[in-house]
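Only one structure is covered here, and it is reproduced in the block below.
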Amino acid sequence: MTDTKPGGRAAGKTASGHLDRRAAVKALLDSQGDDLLIVAGLAGAKGDVLAALGDDPRIFGFGGAMGAATSMGLGLALAQPDKRVLVVTGDGELLMNVGTLATVGVANPANLGIVCVDNEHYGETGFQRSHTGLGTDLATMAQGAGIGAVRTVREESELAEAGEMLRQSNGSAFVLLKVEVDEPPKIRFSWDAAFHKNRFRQALLGQP
Amino acid sequence: MSADMTEEWPEEIYGLLREAGIDQFAFVPDAGHDHLIKRSIADPDVHAIALTTEEEGVGLLAGAHLGGSRGVLLMQSSGVGNCINLLSLIRAGRFPFLTLISMRGDFGEGNPWQMPMGQSTQPVLEACDVMCMRIDEPADVSRTISAAITMAFQSELPIAVLLGQKLLGAKKFS
């Protein structure tokens, strides 16, 4: 499955963004401090989180159930108001359940941040162009959904301010990372969701 | 088809859910769950989360458990169809899961559009490994809800309680 050619299956595909996805996600995560809980959406987004933090118990990563990362992050944020919860997801997954932005906008927990890694393509299925490469702007949708703190990041120099907003916002926050189309090498992660759930709870709550 | 508010069972359900420590109530507006929805919105000690589609409730409840909280998803039988793929999160992760389902397409239904999903609600849930417990009589409410809570949160199983139209009353169409 791993393609070691430069760009992998993404070779030759184009997007409006030019951030390096791995570097951009790492910069945002590194800016958030240690009390962070992470829900990582399936496929590319999960790879970005694992590349940045390693196989950390406070990451719950999806292998399927596409569309659930943001709602899961909301439930977690409401359950753990004293921790920072970050959902890292892709444009394809967010588009699948984009109404969840409205649910977040209404519930609006201050400890919830959503980072959407937008490469304008469905990487996992072979890099077909997504709606965000054809005119849909997820940051505008997040704003329209009622999320008060929204940033689109196109340049590395904008990452620090976006990280600051994620950490300091007094309501839920949303960051759209416009990244280049790339297929970095895959990172092995157990498919056992029950293992990840139990490990996460053990680390957070002291019991599985 | 809102439940007759002279009945005590809707408040009994709310009391049992709160006694069990459930503090995330996820719902899509629904007449059958009207009392529970209003009670949760008015209760300062719980999160009442209005969803745009029922499947968000599946993710929300899994997230609640990840963070050490308990939640319940209140939906109509038609919403079950919206949840199917996300129930794979519950099964793959062996998450506890409790949903209360107000039935349509059931006893005395007057809208044929409700029949396909109403009649397939239980088989579809069971195909997804969600155990179904049905209530048709007010006298069965308390013990069934209590049993469902124990099975969901102590045995950590996915449980659906189906509130039948014999219990709720069928929606009136003039």
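Residue numbers start at 1 in each chain; chains themselves are named A, B, ... in the order of the structure tokens; ligands are numbered from 1 in the order shown.
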
Taking only C-alpha atoms into account, which residues of chain B are within 6 Å of chain A, as a PyMOL selection string? chain B and resi 51-52+56+59-60+63-64+66-67+69+85-86+89+92-94

Based on the selection just made, write C-alpha atoms of those residues as a JSON list (two decimals), in the first residue's frame.
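Output (part-v8.json):
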[["chain", "number", "residue", "atom", "x", "y", "z"],
["B", 51, "LEU", "CA", -27.89, 17.41, 16.38],
["B", 52, "THR", "CA", -28.32, 18.07, 12.67],
["B", 56, "GLU", "CA", -23.62, 12.79, 15.04],
["B", 59, "GLY", "CA", -19.86, 9.97, 17.57],
["B", 60, "LEU", "CA", -20.84, 12.27, 20.43],
["B", 63, "GLY", "CA", -16.53, 10.80, 22.67],
["B", 64, "ALA", "CA", -18.38, 11.17, 25.96],
["B", 66, "LEU", "CA", -13.70, 8.41, 25.94],
["B", 67, "GLY", "CA", -13.80, 11.34, 28.35],
["B", 69, "SER", "CA", -19.01, 10.69, 30.77],
["B", 85, "ASN", "CA", -22.14, 3.33, 9.17],
["B", 86, "LEU", "CA", -21.17, 5.18, 12.33],
["B", 89, "LEU", "CA", -17.36, 2.91, 15.63],
["B", 92, "ALA", "CA", -15.15, -1.78, 16.49],
["B", 93, "GLY", "CA", -14.32, 0.11, 19.68],
["B", 94, "ARG", "CA", -16.68, -1.85, 21.94]]

Taken to one decimal, the CA of Leu16 in chain B-CA of Ala147 in chain B distance is 10.5 Å

Taking the chain letters and numbering used in this document, name the residues of range 16-138 of chain B that DSSP puts in alpha helix (DSSP H), as a VMD selection string. chain B and resid 16 to 19 34 to 42 55 to 66 77 to 83 87 to 93 115 to 127

Pick out the residues sitting within 12 Å of Gly44 in chain A, and hand them over as a ChimeraX atom specification; count only C-alpha atoms, and ignore anything fewer than 2 positions along from it in its own chain. /A:10,21-22,25,40-42,46-51,61-63,88-93,116-119,121-127,179,181-187

Store the residues of this selection in a file with N, CA and C atoms, as a compact mmCIF listing (two decimals), in the first residue's frame.
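Wrote it out as selection09.txt, contents follow:
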# COMPACT_ATOMS: atom_id res chain seq x y z
N ALA A 10 -0.38 10.89 -5.20
CA ALA A 10 -0.77 12.28 -5.42
C ALA A 10 0.08 12.95 -6.49
N ARG A 21 1.73 19.36 4.75
CA ARG A 21 0.71 18.97 5.73
C ARG A 21 1.33 18.46 7.03
N ARG A 22 2.38 17.65 6.92
CA ARG A 22 3.00 17.09 8.13
C ARG A 22 3.60 18.21 9.00
N VAL A 25 0.66 20.52 10.55
CA VAL A 25 -0.05 19.90 11.68
C VAL A 25 0.87 19.82 12.89
N ALA A 40 -8.30 11.97 15.94
CA ALA A 40 -7.71 12.06 14.61
C ALA A 40 -8.61 11.35 13.60
N GLY A 41 -9.10 12.09 12.64
CA GLY A 41 -9.94 11.51 11.60
C GLY A 41 -9.15 10.53 10.75
N LEU A 42 -9.88 9.74 9.99
CA LEU A 42 -9.24 8.64 9.29
C LEU A 42 -8.27 9.11 8.20
N LYS A 46 -4.97 11.28 10.29
CA LYS A 46 -4.41 10.44 11.36
C LYS A 46 -2.90 10.31 11.18
N GLY A 47 -2.46 10.16 9.95
CA GLY A 47 -1.03 10.06 9.67
C GLY A 47 -0.29 11.32 10.10
N ASP A 48 -0.91 12.47 9.87
CA ASP A 48 -0.26 13.73 10.25
C ASP A 48 -0.08 13.81 11.77
N VAL A 49 -1.10 13.38 12.51
CA VAL A 49 -1.04 13.42 13.97
C VAL A 49 0.02 12.44 14.48
N LEU A 50 0.02 11.24 13.93
CA LEU A 50 0.98 10.23 14.39
C LEU A 50 2.41 10.65 14.05
N ALA A 51 2.59 11.28 12.90
CA ALA A 51 3.93 11.74 12.52
C ALA A 51 4.41 12.81 13.48
N GLY A 61 -7.55 7.53 17.14
CA GLY A 61 -7.51 7.63 15.69
C GLY A 61 -8.51 6.72 15.03
N PHE A 62 -9.15 7.23 14.00
CA PHE A 62 -10.17 6.47 13.27
C PHE A 62 -9.54 5.63 12.17
N GLY A 63 -10.15 4.45 11.95
CA GLY A 63 -9.80 3.63 10.80
C GLY A 63 -10.98 3.48 9.85
N VAL A 88 -8.49 16.58 14.50
CA VAL A 88 -7.74 16.80 13.26
C VAL A 88 -8.39 15.92 12.19
N THR A 89 -8.90 16.54 11.16
CA THR A 89 -9.66 15.80 10.17
C THR A 89 -9.34 16.33 8.78
N GLY A 90 -9.81 15.62 7.76
CA GLY A 90 -9.55 16.06 6.39
C GLY A 90 -10.77 16.70 5.77
N ASP A 91 -10.56 17.31 4.61
CA ASP A 91 -11.69 17.98 3.93
C ASP A 91 -12.76 16.96 3.54
N GLY A 92 -12.35 15.78 3.10
CA GLY A 92 -13.33 14.79 2.68
C GLY A 92 -14.20 14.34 3.83
N GLU A 93 -13.57 14.07 4.97
CA GLU A 93 -14.36 13.62 6.11
C GLU A 93 -15.28 14.73 6.63
N CYS A 116 -8.80 21.30 10.11
CA CYS A 116 -9.11 20.58 8.88
C CYS A 116 -7.92 20.69 7.93
N VAL A 117 -7.35 19.54 7.62
CA VAL A 117 -6.21 19.49 6.70
C VAL A 117 -6.80 19.35 5.30
N ASP A 118 -6.79 20.45 4.57
CA ASP A 118 -7.54 20.53 3.31
C ASP A 118 -6.58 20.43 2.12
N ASN A 119 -6.50 19.24 1.53
CA ASN A 119 -5.67 19.07 0.32
C ASN A 119 -6.52 19.03 -0.94
N HIS A 121 -8.55 16.98 -1.96
CA HIS A 121 -8.63 15.67 -2.62
C HIS A 121 -9.03 14.58 -1.63
N TYR A 122 -9.61 13.51 -2.16
CA TYR A 122 -9.87 12.30 -1.38
C TYR A 122 -8.65 11.38 -1.55
N GLY A 123 -7.69 11.52 -0.63
CA GLY A 123 -6.44 10.80 -0.79
C GLY A 123 -6.60 9.29 -0.72
N GLU A 124 -7.40 8.85 0.24
CA GLU A 124 -7.46 7.41 0.51
C GLU A 124 -8.00 6.62 -0.67
N THR A 125 -8.86 7.24 -1.44
CA THR A 125 -9.50 6.51 -2.54
C THR A 125 -8.82 6.76 -3.88
N GLY A 126 -7.67 7.43 -3.84
CA GLY A 126 -6.93 7.61 -5.08
C GLY A 126 -6.83 9.05 -5.56
N PHE A 127 -7.02 9.97 -4.64
CA PHE A 127 -6.80 11.41 -4.93
C PHE A 127 -7.74 11.96 -5.99
N VAL A 179 -3.24 22.83 2.33
CA VAL A 179 -1.98 22.11 2.15
C VAL A 179 -1.84 21.65 0.70
N VAL A 181 -1.04 18.88 -2.27
CA VAL A 181 -1.44 17.47 -2.44
C VAL A 181 -0.19 16.62 -2.37
N ASP A 182 -0.20 15.69 -1.44
CA ASP A 182 1.00 14.90 -1.21
C ASP A 182 0.54 13.59 -0.59
N GLU A 183 1.30 12.57 -0.76
CA GLU A 183 0.99 11.34 -0.05
C GLU A 183 2.23 10.89 0.73
N PRO A 184 2.37 11.41 1.96
CA PRO A 184 3.52 11.01 2.75
C PRO A 184 3.42 9.52 3.07
N PRO A 185 4.55 8.87 3.40
CA PRO A 185 4.50 7.45 3.73
C PRO A 185 3.52 7.19 4.85
N LYS A 186 2.82 6.07 4.75
CA LYS A 186 1.85 5.72 5.80
C LYS A 186 2.57 5.33 7.09
N ILE A 187 1.88 5.56 8.20
CA ILE A 187 2.44 5.21 9.51
C ILE A 187 1.60 4.11 10.11
